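Worksheet: the structure to be examined is printed underneath.
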Amino acid sequence: MRRSLPLLTAFLLSALASPEPVRGQSAPPPALPAAPVEAVVSYDTVFNSLRNLAPRPDRVATVHGVVLRRDVMELRLDAGTLSVLTSVAGRAIGVAFVGAGSVSFVPPLEVERANLRRVLGDSSVSGPIAGAVLIFADSTLGELERSVTFGAGPPGDAAGFVSDALDYLVDGRERSADASLMTALLSETTSGFFAAYVKRTRGEGVLVEINPNEAEEVQLLRRGRLVGQRVETVCQFQRAEDLRGNVAVVTEHPEPMEVDAYGLDATIDGNYKFSARATVRVNGRRDRQRWARFFLYSELDVDSVVTEAGAPLTFFRRDHAPELWVRFAQPIGPGDVQALRVVYHGNLIGFGSTLEQFLPPWWDPARRAMPPVLDSWAFIKSTSTWYPRYSFDQPAAMDMTFHTPKNFKFASIGRLVDSRTEGNVVTTHWVTELPTTEVSFNIGTFEEFEIKDARIPPVTVHINTDAHRYIHQFIPQARNPQQQVGADVANSLAFFSQVFGPPLFHHYYATEIPYFHG
């Protein structure tokens with residue numbers, strides 16, 4: 001859809017809703033006799049042990065003709081030494097091989113073979129290897145112990161291979177590691193995770209990963225080639241049994257837990273300072289998980305994480321990292337439900353001009369050759385991780401309350417079920433009628449007008465008219481945004497209603513944002 005002013009795109013916030021807010025848990029049972037104090041496995045301890053994995057000289061084996069298969073990968077260890085790596089959280093999770101062997105990895109899908117050929121020059125990965133490192137949370141060590149005997153001995157030149165393997169799985173700067181592996185280590189579960197770094201004698205080293213927490217479980221990765229890119233996914237596909245059974249990716253639910261409801265209470269003051277309290281309802285699916293990773297925008301600081309009853313929970317959050325790791329009060333297994341509450345605040349919303357990037361190169365503000373830029377916008381820096389979310393793929397019911405200055409206009413997804421003004425603060429309550437994965441809001445000094453068209457539900461439009469007055473000085477054709485946006489919204493909704501049927505929701509918001517996307 002054409003826009004005369006490309007940087008100002010209106011996006012639709014649909015009126016979705018949740019059946020019920022998050023409910024409280026029942027009263028606790030009578031107190032039981034004191035149990036022994038449980039040793040808490042900390043994130044830092046597990047991460048440091050993982051980052052410092054090294055061959056153990058007391059657990060080395062001589063290898064002859066050992067074959068290990070994982071889905072489409074076959075790894076042959078013909079002759080060499082195999083060393084168990086140091087333990088993490090009291091368990092052995094890796095081995096390193098140095099010697100002669102071979103690898104075979106043939107993707108089952110033509111599209112994946114084509115991409116493998118494009119990136120690595122061949123439709124399969126096969127040929128001799130000089131070493132391999134296996135890191136796992138499955139039965140690998142037990143399989144190997146049935147074929148070899150470990151004892152004291154020199155581990156060979158394995159340390160370099162271990163370092164190369166860890167480069168794929170561990171980000172030392174961010175103090176983060178592969179989430180599926182870390183979850184298994186922190187929760188002390190056998191998850192089925194498996195990764196094999198192979199050092200080929202011809203061609204670059206690659207890593208094969210089997211991740212049961214992915215809908216497409218099998219991946220082949222190489223080191224990243226772009227700036228800031230640690231690894232590059234060369235190909236990824238479902239495991240063989242799912243392909244044979246024609247299991248659709250969209251029907252898979254591989255995560256060990258599910259968050260089916262979020263309750264959010266957020267405050268935005270007159271200077272766009274943001275603070276919030278999020279109640280998250282977690283359901284167990286498989287295994288027994290003690291830790292979980294949530295995504296949260298890096299400029300938001302976590303004040304506390306507690307149970308629904310207010311008991312503090314252990315959590316890990318590195319400054320400016322997009323992850324929040326939380327340890328539950330009790331392990332969550334299939335059918336278990338726990339709720340936790342996260343209190344946080346931070347620099348979620350910026351404020352400033354968007355027009356400066358479009359000014360001509362000869363404009364010099366020091367010489368006042370042109371008037372200063374005075375268009376002003378609130379920038380929502382992250383519309384996807386402004387609350388602690390467990391997954392981007394799991395739809396959830398949302399129950400949201402916002403406290404905002406009355407001189408600002410505000411819009412959110414969901415159905416507006418209540419609005420009240422007390423002094424200079426407007427409190428609005430929004431709920432979703434259907435579970436959703438897209439949860440955002442917008443705020444600013446907008447003019448508000450209504451679109452009433454018999455073909456479509458009512459639409460409330462927010463336009464930053466003050467900013468447009470200044471923008472018009474530099475882009476003369478950028479005028480009458482109300483008419484342009486109103487016509488676009490009405491015609492779009494009417495067209496799609498005719499093609500796909502009536503809209504799902506009874507009210508829509510179209511609110512202007514200072515980005516190229518909608």
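Chains: A, B, ... in order of the structure tokens. Residues: from 1 per chain. Ligands: from 1, in order shown.
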
Shell of 6 Å around Arg223 in chain A, only C-alpha atoms, local chain residues under 6 positions omitted, as a PyMOL selection string: chain A and resi 230-232

Just-selected residues, N, CA and C atoms written as a PDB file, in the first residue's frame:
```
ATOM      1  N   ARG A 230      27.894 -15.095  15.537  1.00  0.00           N
ATOM      2  CA  ARG A 230      28.728 -16.174  16.069  1.00  0.00           C
ATOM      3  C   ARG A 230      28.602 -17.436  15.238  1.00  0.00           C
ATOM      4  N   VAL A 231      27.363 -17.826  14.914  1.00  0.00           N
ATOM      5  CA  VAL A 231      27.136 -19.045  14.146  1.00  0.00           C
ATOM      6  C   VAL A 231      26.136 -18.775  13.037  1.00  0.00           C
ATOM      7  N   GLU A 232      26.204 -19.586  12.024  1.00  0.00           N
ATOM      8  CA  GLU A 232      25.272 -19.503  10.885  1.00  0.00           C
ATOM      9  C   GLU A 232      24.605 -20.861  10.706  1.00  0.00           C
TER      10      GLU A 232
END
```

Which residues in range 44-290 of chain A does DSSP call strand (DSSP E or B)? List them as number ranges by chain. A: 55-70, 73-85, 88, 91, 94-105, 125-137, 151, 170-171, 176-177, 193-200, 206-210, 218-223, 231-237, 257-268, 274-284, 289-290

Compare A:Arg244, A:Arg113, A:Arg70, A:Arg317 by their minimum atom-to-atom distance to Ser176 in chain A, counting only C-alpha atoms, and give me the closest one.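 Closest to Ser176 in chain A of all the choices is A:Arg317.
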
Long-range neighbours of Tyr387 in chain A as a VMD selection string, 10 Å cut-off, only C-alpha atoms, 5 positions minimum in chain: chain A and resid 262 to 264 266 276 to 280 294 to 297 300 342 to 344 382 439 to 440

Using backbone DSSP assignments, extract all helix (DSSP H, G or I) residues from range 185-433 of chain A; output them as a list of chain:residue names.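 Residues of range 185-433 of chain A classed as helix (DSSP H, G or I): A:Leu185, A:Leu186, A:Ser187, A:Ala240, A:Glu241, A:Asp242, A:Leu243, A:Arg244, A:Val249, A:Val250, A:Thr251, A:Glu356, A:Gln357, A:Phe358, A:Pro365, A:Ala366, A:Arg367.
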
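The environment of Pro331 in chain A within 10 Å, counting only C-alpha atoms and disregarding residues fewer than 4 places along the same chain, consists of A:Ser187, A:Gly284, A:Asp287, A:Arg288, A:Gln289, A:Arg290, A:Trp291, A:Arg327, A:Asp336, A:Gln338.
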
Produce a file of the selected residues containing N, CA, C and O atoms, as a PDB file, in the first residue's frame.
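Once written, out.pdb looks like this:
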```pdb
ATOM      1  N   SER A 187      18.292 -27.759  35.241  1.00  0.00           N
ATOM      2  CA  SER A 187      17.183 -28.552  35.774  1.00  0.00           C
ATOM      3  C   SER A 187      17.576 -29.991  36.056  1.00  0.00           C
ATOM      4  O   SER A 187      16.766 -30.766  36.582  1.00  0.00           O
ATOM      5  N   GLY A 284       3.593 -27.185  33.136  1.00  0.00           N
ATOM      6  CA  GLY A 284       4.567 -28.201  32.755  1.00  0.00           C
ATOM      7  C   GLY A 284       4.030 -29.091  31.649  1.00  0.00           C
ATOM      8  O   GLY A 284       2.838 -29.421  31.615  1.00  0.00           O
ATOM      9  N   ASP A 287       9.144 -33.837  31.242  1.00  0.00           N
ATOM     10  CA  ASP A 287      10.282 -33.814  32.167  1.00  0.00           C
ATOM     11  C   ASP A 287       9.887 -33.072  33.441  1.00  0.00           C
ATOM     12  O   ASP A 287       8.715 -32.871  33.728  1.00  0.00           O
ATOM     13  N   ARG A 288      10.848 -32.699  34.224  1.00  0.00           N
ATOM     14  CA  ARG A 288      10.620 -31.870  35.413  1.00  0.00           C
ATOM     15  C   ARG A 288      11.631 -30.735  35.360  1.00  0.00           C
ATOM     16  O   ARG A 288      12.820 -30.939  35.578  1.00  0.00           O
ATOM     17  N   GLN A 289      11.144 -29.563  35.045  1.00  0.00           N
ATOM     18  CA  GLN A 289      12.010 -28.412  34.828  1.00  0.00           C
ATOM     19  C   GLN A 289      12.128 -27.594  36.108  1.00  0.00           C
ATOM     20  O   GLN A 289      11.126 -27.281  36.759  1.00  0.00           O
ATOM     21  N   ARG A 290      13.367 -27.216  36.451  1.00  0.00           N
ATOM     22  CA  ARG A 290      13.581 -26.380  37.626  1.00  0.00           C
ATOM     23  C   ARG A 290      13.883 -24.933  37.240  1.00  0.00           C
ATOM     24  O   ARG A 290      13.674 -24.015  38.014  1.00  0.00           O
ATOM     25  N   TRP A 291      14.409 -24.732  36.034  1.00  0.00           N
ATOM     26  CA  TRP A 291      14.742 -23.400  35.546  1.00  0.00           C
ATOM     27  C   TRP A 291      14.041 -23.152  34.217  1.00  0.00           C
ATOM     28  O   TRP A 291      13.725 -24.094  33.479  1.00  0.00           O
ATOM     29  N   ARG A 327      14.525 -19.627  38.543  1.00  0.00           N
ATOM     30  CA  ARG A 327      14.453 -20.944  39.191  1.00  0.00           C
ATOM     31  C   ARG A 327      13.138 -21.031  39.963  1.00  0.00           C
ATOM     32  O   ARG A 327      12.839 -20.195  40.805  1.00  0.00           O
ATOM     33  N   ASP A 336       1.725 -29.847  36.074  1.00  0.00           N
ATOM     34  CA  ASP A 336       1.940 -28.877  37.154  1.00  0.00           C
ATOM     35  C   ASP A 336       1.726 -27.452  36.652  1.00  0.00           C
ATOM     36  O   ASP A 336       1.999 -27.142  35.489  1.00  0.00           O
ATOM     37  N   GLN A 338       2.491 -23.366  37.930  1.00  0.00           N
ATOM     38  CA  GLN A 338       3.044 -22.409  38.881  1.00  0.00           C
ATOM     39  C   GLN A 338       2.929 -21.011  38.286  1.00  0.00           C
ATOM     40  O   GLN A 338       3.014 -20.840  37.066  1.00  0.00           O
TER      41      GLN A 338
END
```

Find the residues around range 162-169 of chain A up to 8 Å (only C-alpha atoms counted), leave out those fewer than 2 positions away in its own chain, and share them as a PyMOL selection string. chain A and resi 51+53-54+96+133+158-160+171+177-178+196-197+207+223+230-231

From the options A:Gly99, A:Ile456, A:Ala321, A:Gly270, which residue's atoms come nearest to Phe408 in chain A, counting only C-alpha atoms?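 Smallest distance to Phe408 in chain A is found for A:Gly270.
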
Which residues are close to range 409-415 of chain A, i.e. within 10 Å by only C-alpha atoms, leaving aside same-chain residues fewer than 6 positions away? Reply as number ranges by chain. A: 12-18, 397-403, 426, 428-434, 436, 438-448, 460-463, 505-511

Written selection (N, CA and C atoms) as a compact mmCIF listing (two decimals), in the first residue's frame:
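So selection02.txt came out as:
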```txt
# COMPACT_ATOMS: atom_id res chain seq x y z
N LEU A 12 -2.14 -1.66 12.85
CA LEU A 12 -3.42 -1.99 13.47
C LEU A 12 -3.18 -2.77 14.74
N LEU A 13 -3.82 -2.32 15.81
CA LEU A 13 -3.82 -3.05 17.08
C LEU A 13 -5.21 -3.64 17.22
N SER A 14 -5.34 -4.94 17.00
CA SER A 14 -6.66 -5.54 16.95
C SER A 14 -7.23 -5.75 18.34
N ALA A 15 -8.53 -5.74 18.43
CA ALA A 15 -9.20 -5.91 19.72
C ALA A 15 -9.34 -7.39 20.01
N LEU A 16 -8.35 -7.96 20.70
CA LEU A 16 -8.32 -9.36 21.10
C LEU A 16 -8.68 -9.47 22.58
N ALA A 17 -8.91 -10.68 23.18
CA ALA A 17 -9.20 -10.69 24.63
C ALA A 17 -8.95 -12.02 25.31
N SER A 18 -8.70 -11.98 26.60
CA SER A 18 -8.47 -13.21 27.34
C SER A 18 -9.70 -13.58 28.14
N ALA A 397 -3.17 -15.96 26.57
CA ALA A 397 -4.18 -14.97 26.96
C ALA A 397 -3.48 -13.81 27.66
N MET A 398 -3.91 -12.59 27.37
CA MET A 398 -3.28 -11.39 27.93
C MET A 398 -4.32 -10.59 28.70
N ASP A 399 -3.96 -10.24 29.93
CA ASP A 399 -4.79 -9.36 30.76
C ASP A 399 -3.89 -8.20 31.18
N MET A 400 -4.16 -6.98 30.66
CA MET A 400 -3.20 -5.88 30.79
C MET A 400 -3.88 -4.63 31.35
N THR A 401 -3.21 -4.02 32.30
CA THR A 401 -3.65 -2.74 32.87
C THR A 401 -2.51 -1.74 32.69
N PHE A 402 -2.84 -0.55 32.19
CA PHE A 402 -1.85 0.50 31.96
C PHE A 402 -2.27 1.77 32.69
N HIS A 403 -1.31 2.42 33.32
CA HIS A 403 -1.53 3.71 33.97
C HIS A 403 -0.70 4.75 33.20
N VAL A 426 -4.72 8.16 33.65
CA VAL A 426 -5.77 7.35 33.05
C VAL A 426 -5.38 5.88 33.22
N THR A 428 -6.35 2.14 32.10
CA THR A 428 -7.12 1.37 31.13
C THR A 428 -6.85 -0.12 31.32
N HIS A 429 -7.86 -0.93 31.08
CA HIS A 429 -7.77 -2.38 31.26
C HIS A 429 -8.13 -3.04 29.93
N TRP A 430 -7.23 -3.87 29.44
CA TRP A 430 -7.39 -4.52 28.13
C TRP A 430 -7.26 -6.03 28.29
N VAL A 431 -8.12 -6.78 27.63
CA VAL A 431 -8.03 -8.25 27.65
C VAL A 431 -8.18 -8.77 26.22
N THR A 432 -7.63 -9.95 25.98
CA THR A 432 -7.69 -10.55 24.65
C THR A 432 -8.79 -11.59 24.58
N GLU A 433 -9.53 -11.57 23.49
CA GLU A 433 -10.60 -12.55 23.29
C GLU A 433 -10.07 -13.87 22.75
N LEU A 434 -8.88 -13.84 22.13
CA LEU A 434 -8.22 -15.04 21.64
C LEU A 434 -6.76 -15.02 22.09
N THR A 436 -2.85 -14.93 21.78
CA THR A 436 -2.09 -14.26 20.73
C THR A 436 -0.60 -14.30 21.03
N GLU A 438 1.24 -11.77 19.38
CA GLU A 438 1.62 -10.39 19.05
C GLU A 438 1.03 -9.45 20.10
N VAL A 439 1.89 -8.89 20.95
CA VAL A 439 1.43 -8.08 22.07
C VAL A 439 2.20 -6.77 22.07
N SER A 440 1.52 -5.68 21.77
CA SER A 440 2.21 -4.39 21.73
C SER A 440 1.27 -3.27 22.15
N PHE A 441 1.84 -2.07 22.27
CA PHE A 441 1.05 -0.89 22.61
C PHE A 441 1.72 0.32 21.99
N ASN A 442 1.04 1.47 22.04
CA ASN A 442 1.64 2.71 21.57
C ASN A 442 1.12 3.86 22.42
N ILE A 443 1.97 4.87 22.56
CA ILE A 443 1.63 6.02 23.39
C ILE A 443 2.26 7.26 22.77
N GLY A 444 1.60 8.41 22.94
CA GLY A 444 2.17 9.65 22.42
C GLY A 444 1.17 10.79 22.45
N THR A 445 1.61 11.93 21.93
CA THR A 445 0.75 13.11 21.85
C THR A 445 0.04 13.10 20.49
N PHE A 446 -0.99 12.30 20.41
CA PHE A 446 -1.72 12.10 19.17
C PHE A 446 -3.03 12.88 19.16
N GLU A 447 -3.47 13.20 17.94
CA GLU A 447 -4.86 13.59 17.72
C GLU A 447 -5.63 12.31 17.43
N GLU A 448 -6.83 12.23 17.95
CA GLU A 448 -7.62 11.01 17.80
C GLU A 448 -8.86 11.29 16.98
N THR A 460 -10.34 3.50 15.60
CA THR A 460 -9.81 4.71 16.21
C THR A 460 -8.42 4.94 15.66
N VAL A 461 -8.18 6.15 15.12
CA VAL A 461 -6.91 6.47 14.48
C VAL A 461 -6.18 7.51 15.33
N HIS A 462 -4.89 7.27 15.59
CA HIS A 462 -4.02 8.20 16.31
C HIS A 462 -3.00 8.79 15.33
N ILE A 463 -2.98 10.12 15.21
CA ILE A 463 -2.06 10.80 14.31
C ILE A 463 -1.27 11.85 15.10
N PHE A 505 -12.63 -9.09 15.23
CA PHE A 505 -12.75 -8.25 16.42
C PHE A 505 -13.65 -7.05 16.15
N HIS A 506 -14.20 -6.51 17.21
CA HIS A 506 -15.26 -5.51 17.05
C HIS A 506 -14.75 -4.08 17.04
N HIS A 507 -13.46 -3.87 17.30
CA HIS A 507 -12.90 -2.52 17.29
C HIS A 507 -11.41 -2.60 16.98
N TYR A 508 -10.92 -1.64 16.22
CA TYR A 508 -9.51 -1.62 15.85
C TYR A 508 -8.91 -0.24 16.17
N TYR A 509 -7.58 -0.24 16.41
CA TYR A 509 -6.82 0.99 16.55
C TYR A 509 -5.77 1.04 15.45
N ALA A 510 -5.65 2.18 14.81
CA ALA A 510 -4.55 2.44 13.88
C ALA A 510 -3.75 3.58 14.48
N THR A 511 -2.53 3.30 14.92
CA THR A 511 -1.75 4.29 15.64
C THR A 511 -0.41 4.49 14.97
```

So that I can see what lies close to Asn283 in chain A, please list as a PyMOL selection string the residues with an atom at most 6 Å from it, counting only C-alpha atoms and leaving out residues fewer than 2 positions away in the same chain. chain A and resi 257-258+336-337

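Each of A:Val67, A:Leu348, A:Leu144, A:Leu324 was compared to Ile268 in chain A using only C-alpha atoms, and A:Leu348 turns out to be the nearest.
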